[in-house]
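For reference, model.csv is printed below; it contains CSV, C-alpha atoms and all ligand atoms.
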chain,number,residue,atom,x,y,z
Y,65,MET,CA,-11.2,-19.1,3.3
Y,66,ILE,CA,-10.5,-16.7,0.5
Y,67,ILE,CA,-12.1,-13.2,0.6
Y,68,ALA,CA,-12.0,-11.0,-2.5
Y,69,VAL,CA,-12.6,-7.3,-2.1
Y,70,ASP,CA,-12.8,-5.2,-5.2
Y,71,GLY,CA,-13.9,-1.7,-6.0
Y,72,PRO,CA,-12.9,1.7,-7.5
Y,73,THR,CA,-10.3,4.1,-6.2
Y,74,ALA,CA,-11.0,5.7,-2.8
Y,75,SER,CA,-14.0,3.5,-2.1
Y,76,GLY,CA,-12.7,2.3,1.3
Y,77,LYS,CA,-12.0,-1.2,0.0
Y,78,GLY,CA,-8.5,-1.3,1.6
Y,79,THR,CA,-9.9,-0.4,5.0
Y,80,ILE,CA,-12.5,-3.1,4.7
Y,81,ALA,CA,-10.0,-5.7,3.5
Y,82,ARG,CA,-7.7,-5.0,6.5
Y,83,ALA,CA,-10.7,-5.1,8.9
Y,84,LEU,CA,-11.8,-8.5,7.5
Y,85,ALA,CA,-8.2,-9.8,7.7
Y,86,ASP,CA,-8.0,-8.7,11.4
Y,87,HIS,CA,-11.4,-10.2,12.2
Y,88,PHE,CA,-10.9,-13.5,10.6
Y,89,GLY,CA,-7.1,-13.8,11.4
Y,90,LEU,CA,-6.1,-13.9,7.7
Y,91,PRO,CA,-3.1,-12.4,5.8
Y,92,VAL,CA,-4.0,-9.5,3.5
Y,93,LEU,CA,-2.6,-8.3,0.2
Y,94,ASP,CA,-3.2,-4.9,-1.3
Y,95,THR,CA,-2.8,-5.8,-4.9
Y,96,GLY,CA,-2.9,-2.1,-6.0
Y,97,LEU,CA,0.6,-1.8,-4.4
Y,98,LEU,CA,2.0,-4.2,-7.0
Y,99,TYR,CA,0.7,-2.0,-9.8
Y,100,ARG,CA,1.9,1.1,-8.0
Y,101,ALA,CA,5.4,-0.4,-7.7
Y,102,VAL,CA,5.5,-1.1,-11.4
Y,103,GLY,CA,4.2,2.4,-12.3
Y,104,TYR,CA,6.8,4.0,-10.0
Y,105,GLN,CA,9.7,1.8,-11.2
Y,106,THR,CA,8.7,2.7,-14.8
Y,107,GLN,CA,9.1,6.4,-13.9
Y,108,LEU,CA,12.4,5.7,-12.1
Y,109,ASN,CA,13.6,4.0,-15.3
Y,110,HIS,CA,12.5,7.1,-17.3
Y,111,GLY,CA,10.2,4.8,-19.2
Y,112,ASP,CA,6.7,5.6,-20.6
Y,113,PRO,CA,3.9,4.1,-18.5
Y,114,ASP,CA,1.7,3.9,-21.6
Y,115,ASN,CA,4.3,1.8,-23.4
Y,116,ALA,CA,3.9,-1.9,-22.7
Y,117,ALA,CA,7.6,-2.8,-23.1
Y,118,ASP,CA,8.7,-0.1,-20.7
Y,119,ALA,CA,6.1,-1.1,-18.1
Y,120,LEU,CA,7.0,-4.8,-18.4
Y,121,ALA,CA,10.7,-4.0,-18.0
Y,122,ALA,CA,9.8,-2.4,-14.6
Y,123,CYS,CA,8.1,-5.5,-13.3
Y,124,ASP,CA,11.2,-7.4,-12.2
Y,125,PHE,CA,12.3,-4.6,-9.9
Y,126,ALA,CA,8.9,-3.7,-8.6
Y,127,ALA,CA,8.8,-6.1,-5.7
Y,128,SER,CA,11.8,-4.4,-4.0
Y,129,LEU,CA,9.8,-1.2,-3.8
Y,130,LEU,CA,6.8,-2.4,-1.9
Y,131,ALA,CA,7.7,-0.6,1.3
Y,132,ASP,CA,8.5,2.7,-0.4
Y,133,PRO,CA,6.3,5.6,0.9
Y,134,ALA,CA,6.2,7.1,-2.7
Y,135,LEU,CA,3.9,4.2,-3.7
Y,136,ARG,CA,1.1,6.0,-1.6
Y,137,TYR,CA,1.3,9.2,-3.6
Y,138,GLU,CA,-1.7,10.1,-5.7
Y,139,SER,CA,0.5,10.5,-8.7
Y,140,THR,CA,1.8,7.0,-8.3
Y,141,GLY,CA,-1.9,5.8,-8.3
Y,142,GLY,CA,-2.2,7.5,-11.7
Y,143,LEU,CA,0.9,5.8,-13.0
Y,144,ALA,CA,-0.4,2.4,-11.7
Y,145,SER,CA,-3.6,2.8,-13.6
Y,146,ARG,CA,-1.7,3.4,-16.8
Y,147,VAL,CA,0.7,0.5,-16.5
Y,148,SER,CA,-2.1,-1.8,-15.4
Y,149,ILE,CA,-3.8,-1.5,-18.8
Y,150,HIS,CA,-1.0,-3.7,-20.4
Y,151,PRO,CA,-1.9,-7.4,-20.5
Y,152,ALA,CA,1.8,-8.3,-20.2
Y,153,VAL,CA,2.1,-6.4,-16.9
Y,154,ARG,CA,-1.1,-8.1,-15.6
Y,155,ALA,CA,0.3,-11.5,-16.6
Y,156,ALA,CA,3.7,-10.7,-14.9
Y,157,LEU,CA,1.8,-10.0,-11.6
Y,158,PHE,CA,-0.8,-12.7,-11.9
Y,159,GLN,CA,1.0,-15.8,-10.3
Y,160,ARG,CA,2.1,-13.9,-7.2
Y,161,GLN,CA,-1.5,-12.9,-6.5
Y,162,VAL,CA,-2.9,-16.3,-7.2
Y,163,ASP,CA,-0.3,-17.9,-4.9
Y,164,PHE,CA,-1.1,-15.4,-2.1
Y,165,ALA,CA,-4.8,-16.2,-2.5
Y,166,ASN,CA,-4.3,-20.0,-2.4
Y,167,GLN,CA,-2.0,-20.2,0.5
Y,168,PRO,CA,-3.0,-22.7,3.2
Y,169,GLY,CA,-5.5,-21.2,5.6
Y,170,GLY,CA,-6.7,-18.6,3.2
Y,171,ALA,CA,-6.3,-14.9,2.6
Y,172,VAL,CA,-7.9,-11.5,1.9
Y,173,LEU,CA,-7.0,-9.7,-1.3
Y,174,ASP,CA,-8.2,-6.3,-2.4
Y,175,GLY,CA,-8.0,-4.8,-5.9
Y,176,ARG,CA,-10.0,-4.5,-9.1
Y,177,ASP,CA,-10.1,-8.1,-10.5
Y,178,ILE,CA,-9.8,-10.3,-7.5
Y,179,GLY,CA,-13.3,-11.8,-7.6
Y,180,THR,CA,-13.3,-12.0,-11.4
Y,181,VAL,CA,-9.8,-13.1,-12.4
Y,182,ILE,CA,-7.4,-13.8,-9.5
Y,183,ALA,CA,-9.7,-15.8,-7.3
Y,184,PRO,CA,-13.0,-16.5,-9.1
Y,185,HIS,CA,-13.4,-19.4,-6.6
Y,186,ALA,CA,-13.2,-17.1,-3.5
Y,187,ASP,CA,-15.5,-18.0,-0.7
Y,188,ALA,CA,-16.8,-14.5,-0.2
Y,189,LYS,CA,-16.6,-11.6,-2.7
Y,190,LEU,CA,-17.4,-7.9,-2.0
Y,191,PHE,CA,-17.6,-5.1,-4.4
Y,192,VAL,CA,-17.1,-1.9,-2.3
Y,193,THR,CA,-18.1,1.4,-3.8
Y,194,ALA,CA,-19.4,4.9,-3.1
Y,195,SER,CA,-20.5,7.8,-5.3
Y,196,ALA,CA,-17.6,9.6,-7.0
Y,197,GLU,CA,-18.6,12.8,-5.1
Y,198,GLU,CA,-18.4,11.0,-1.8
Y,199,ARG,CA,-15.1,9.4,-2.7
Y,200,ALA,CA,-13.7,12.7,-3.8
Y,201,ARG,CA,-14.9,14.3,-0.6
Y,202,ARG,CA,-13.1,11.7,1.6
Y,203,ARG,CA,-9.9,11.6,-0.5
Y,204,HIS,CA,-9.8,15.4,-0.5
Y,205,ALA,CA,-10.1,15.6,3.3
Y,206,GLU,CA,-7.4,12.9,3.7
Y,207,MET,CA,-5.0,14.8,1.4
Y,208,ARG,CA,-5.7,18.1,3.1
Y,209,ALA,CA,-5.0,16.5,6.5
Y,210,ARG,CA,-1.6,15.4,5.1
Y,211,GLY,CA,-0.9,19.0,4.1
Y,212,VAL,CA,-1.4,18.4,0.3
Y,213,GLU,CA,-2.7,21.5,-1.4
Y,214,VAL,CA,-5.4,20.4,-3.8
Y,215,THR,CA,-8.9,21.4,-4.8
Y,216,ARG,CA,-11.8,19.0,-4.5
Y,217,ASP,CA,-12.6,19.5,-8.1
Y,218,ALA,CA,-9.1,18.3,-9.1
Y,219,VAL,CA,-9.5,15.2,-6.8
Y,220,LEU,CA,-13.0,14.5,-8.4
Y,221,ALA,CA,-11.5,14.9,-11.9
Y,222,ASP,CA,-8.7,12.4,-11.0
Y,223,ILE,CA,-11.3,9.9,-9.6
Y,224,HIS,CA,-13.3,10.1,-12.8
Y,225,ALA,CA,-10.2,9.6,-14.9
Y,226,ARG,CA,-9.1,6.6,-12.8
Y,227,ASP,CA,-12.6,5.1,-12.9
Y,228,ALA,CA,-12.8,5.4,-16.7
Y,229,ARG,CA,-9.4,3.8,-17.2
Y,230,ASP,CA,-10.1,1.0,-14.7
Y,231,THR,CA,-13.5,0.1,-16.0
Y,232,GLY,CA,-12.8,0.8,-19.7
Y,233,ARG,CA,-9.7,-1.4,-20.2
Y,234,ALA,CA,-10.0,-4.6,-22.2
Y,235,ASP,CA,-8.0,-6.9,-19.9
Y,236,ALA,CA,-9.5,-7.6,-16.4
Y,237,PRO,CA,-11.5,-4.4,-16.1
Y,238,LEU,CA,-12.9,-3.2,-12.8
Y,239,ALA,CA,-16.2,-5.1,-12.5
Y,240,ARG,CA,-18.4,-6.6,-9.9
Y,241,ALA,CA,-18.5,-10.4,-10.0
Y,242,ASP,CA,-22.0,-11.7,-10.3
Y,243,ASP,CA,-21.8,-13.3,-6.9
Y,244,ALA,CA,-20.2,-10.3,-5.1
Y,245,LEU,CA,-22.0,-8.4,-2.4
Y,246,LEU,CA,-22.5,-4.8,-3.6
Y,247,LEU,CA,-21.5,-2.7,-0.6
Y,248,ASP,CA,-22.2,1.0,-1.4
Y,249,ASN,CA,-20.9,2.9,1.6
Y,250,SER,CA,-21.8,6.4,0.4
Y,251,ALA,CA,-24.1,6.8,3.4
Y,252,LEU,CA,-22.3,4.5,5.9
Y,253,ASP,CA,-19.6,5.4,8.3
Y,254,ARG,CA,-16.5,3.3,8.5
Y,255,ASP,CA,-17.7,1.1,11.4
Y,256,ALA,CA,-21.1,0.4,9.8
Y,257,ALA,CA,-19.4,-0.5,6.5
Y,258,ILE,CA,-17.0,-2.9,8.3
Y,259,ALA,CA,-19.9,-4.4,10.3
Y,260,ALA,CA,-21.8,-5.1,7.1
Y,261,ALA,CA,-18.8,-6.7,5.5
Y,262,ILE,CA,-18.1,-9.0,8.4
Y,263,ALA,CA,-21.8,-10.0,8.6
Y,264,PHE,CA,-21.8,-10.9,4.9
Y,265,VAL,CA,-18.6,-13.0,5.2
Y,266,GLU,CA,-19.9,-14.7,8.4
Y,267,GLY,CA,-23.0,-15.8,6.4
Y,268,LYS,CA,-20.7,-17.4,3.8
Y,269,VAL,CA,-18.7,-19.7,6.2
L,301,LIG,O1,-6.0,0.2,-5.4
L,301,LIG,P1,-5.1,1.3,-5.9
L,301,LIG,O2,-5.7,2.6,-6.1
L,301,LIG,O3,-3.8,1.3,-5.1
L,301,LIG,O4,-4.6,0.8,-7.3
L,301,LIG,C1,-3.9,1.6,-8.2
L,301,LIG,C2,-4.2,1.2,-9.6
L,301,LIG,O5,-3.7,-0.1,-9.9
L,301,LIG,C3,-5.7,1.1,-10.0
L,301,LIG,O6,-6.2,2.4,-10.4
L,301,LIG,C4,-5.8,0.1,-11.0
L,301,LIG,O7,-5.6,0.7,-12.3
L,301,LIG,C5,-4.6,-0.8,-10.8
L,301,LIG,N1,-5.0,-2.1,-10.2
L,301,LIG,C6,-5.4,-3.1,-11.0
L,301,LIG,N2,-5.7,-4.3,-10.6
L,301,LIG,C7,-5.7,-4.6,-9.2
L,301,LIG,C8,-5.3,-3.5,-8.3
L,301,LIG,C9,-5.0,-2.3,-8.8
L,301,LIG,O8,-5.5,-2.9,-12.2
L,301,LIG,N3,-6.0,-5.8,-8.8
What would you get if you wrote out this structure as structure tokens?
Amino acid sequence: MIIAVDGPTASGKGTIARALADHFGLPVLDTGLLYRAVGYQTQLNHGDPDNAADALAACDFAASLLADPALRYESTGGLASRVSIHPAVRAALFQRQVDFANQPGGAVLDGRDIGTVIAPHADAKLFVTASAEERARRRHAEMRARGVEVTRDAVLADIHARDARDTGRADAPLARADDALLLDNSALDRDAAIAAAIAFVEGKV
């Protein structure tokens, strides 16, 4: 069974993907981490994330960074969304994701283009979202809890910029696949969103 979980930044798609993986006993891949690793490595190389050749040159080294805590920084998410625009970067990361999706027994993947590009044949697809204001509220609370000094308006502005870049790019933009469940969790708590996701996938198998 292949489960594709897509959605914008701070939508809770990672939480839902991990809960589905736990529930169905499947391995899970957070594909955003791959792009984050490329963005971070580009910076370590003193490269320009908006330059395709610089970003591509970082791809070979990116895998060795996957456990690096710096990948979780907000700033690394911004770098990731810049390097992920380049078709050469997407192509370099493509096969690794396809192989993960198609491993025997199945898998859960979360990202932006899983249901549309990486695993269009997935058995169950979810598009997880919430209003930008609600995503900013949650992300802001999370960051404050970690001791990061930031205003909610700055978080909201960053979310709008990430959304615009992810949905506006030409290659594999963030989009809901026609056959994906739209799971808007603006008014749902974590457990209710997870229960809705599990019920949907159970209906597919
Ligand atoms: O999901 P996460 O916020 O970690 O992703 C970081 C960035 O990586 C996203 O803003 C997006 O630009 C890019 N990404 C992508 N395709 C994916 C996963 C992430 O373009 N499948």
**OP:** Step by step, measure atom-to-atom distances between ligand LIG 301 (chain L) and each residue using only C-alpha atoms and all ligand atoms, keep those at most 7 Å, then write them as number ranges by chain.
**Re:** Y: 73-74, 95-97, 99-100, 141-142, 144-146, 148-149, 174-178, 226, 229-230
Tell me, as a PDB file with C-alpha atoms, in the frame of the given file, which residues lie within 9 Å of Pro72 in chain Y, counting only C-alpha atoms; anything in the same chain fewer than 2 positions away does not count.
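Below is the file that was written, result04.pdb:
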ATOM      1  CA  ASP Y  70     -12.800  -5.200  -5.200  1.00  0.00           C
ATOM      2  CA  ALA Y  74     -11.000   5.700  -2.800  1.00  0.00           C
ATOM      3  CA  SER Y  75     -14.000   3.500  -2.100  1.00  0.00           C
ATOM      4  CA  GLY Y  76     -12.700   2.300   1.300  1.00  0.00           C
ATOM      5  CA  LYS Y  77     -12.000  -1.200   0.000  1.00  0.00           C
ATOM      6  CA  GLY Y 175      -8.000  -4.800  -5.900  1.00  0.00           C
ATOM      7  CA  ARG Y 176     -10.000  -4.500  -9.100  1.00  0.00           C
ATOM      8  CA  PHE Y 191     -17.600  -5.100  -4.400  1.00  0.00           C
ATOM      9  CA  VAL Y 192     -17.100  -1.900  -2.300  1.00  0.00           C
ATOM     10  CA  THR Y 193     -18.100   1.400  -3.800  1.00  0.00           C
ATOM     11  CA  ALA Y 194     -19.400   4.900  -3.100  1.00  0.00           C
ATOM     12  CA  ILE Y 223     -11.300   9.900  -9.600  1.00  0.00           C
ATOM     13  CA  ARG Y 226      -9.100   6.600 -12.800  1.00  0.00           C
ATOM     14  CA  ASP Y 227     -12.600   5.100 -12.900  1.00  0.00           C
ATOM     15  CA  ASP Y 230     -10.100   1.000 -14.700  1.00  0.00           C
ATOM     16  CA  THR Y 231     -13.500   0.100 -16.000  1.00  0.00           C
ATOM     17  CA  LEU Y 238     -12.900  -3.200 -12.800  1.00  0.00           C
TER      18      LEU Y 238
END
Original post:
Taking only C-alpha atoms into account, which of Y:Ala239, Y:Leu93, Y:Ala101, Y:Ala186 comes nearest Tyr137 in chain Y?
Top reply: Y:Ala101
Original post:
So which residues touch Ile258 in chain Y within 9 Å, counting all atoms listed in the file, skipping near sequence neighbours fewer than 5 positions away, as a list in words?
Top reply: Thr79, Ile80, Ala81, Ala83, Leu84, Asp253 and Ala263 of chain Y
Original post:
What separation in Å, quoted to one decimal, exists between CA of Ile182 in chain Y and CA of Leu157 in chain Y?
Top reply: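 Between CA of Ile182 in chain Y and CA of Leu157 in chain Y the gap is 10.2 Å.
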Original post:
At most 10 Å from (-20.0, -10.9, -9.1), file frame, all atoms listed in the file: which residues, as a VMD selection string?
Top reply: chain Y and resid 70 179 to 180 184 189 to 191 239 to 246
Original post:
Quick one, how far is CA of Ala155 in chain Y from CA of Arg82 in chain Y?
Top reply: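 For CA of Ala155 in chain Y relative to CA of Arg82 in chain Y, the distance reads 25.3 Å.
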Subject >> Point-to-point distance from CA of Val92 in chain Y to CA of Ile66 in chain Y, Å rounded to tenths >> reply: 10.2 Å
Subject >> Of the listed residues Y:Val147, Y:Ala156, Y:Leu108, Y:Met65, that which approaches Cys123 in chain Y most closely, counting only C-alpha atoms >> reply: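 Looking only at the distances to Cys123 in chain Y, the closest residue turns out to be Y:Ala156.
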Subject >> Spatial neighbours of Arg210 in chain Y, max dist 12 Å, all atoms listed in the file, sep filter under 5 positions, as a count of residues only >> reply: 5
**OP:** For each of Y:Asp86, Y:Asp255, Y:Asp114, Y:Glu138, take the minimum atom-to-atom distance to Val214 in chain Y, counting all atoms listed in the file, then give the residue where this is smallest.
**Re:**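 Among the listed residues, the smallest separation from Val214 in chain Y belongs to Y:Glu138.
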**OP:** Point out the residue among Y:Ala209, Y:Ala256, Y:Val69, Y:Leu143 with the least atom-to-atom distance to Asp222 in chain Y, counting all atoms listed in the file.
**Re:**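 Residue with the minimum atom-to-atom distance to Asp222 in chain Y: Y:Leu143.
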**OP:** Between Y:Ala218, Y:Ala234, Y:Leu130, Y:Leu173, single out the one closest to Arg154 in chain Y, counting only C-alpha atoms.
**Re:**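 Of the candidates, the smallest distance to Arg154 in chain Y is held by Y:Ala234.
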Subject >> Among the residues Y:Glu197, Y:Asp163, Y:Asp187, Y:Asp124, the one that comes closest to Leu220 in chain Y [using only C-alpha atoms] >> reply: Y:Glu197
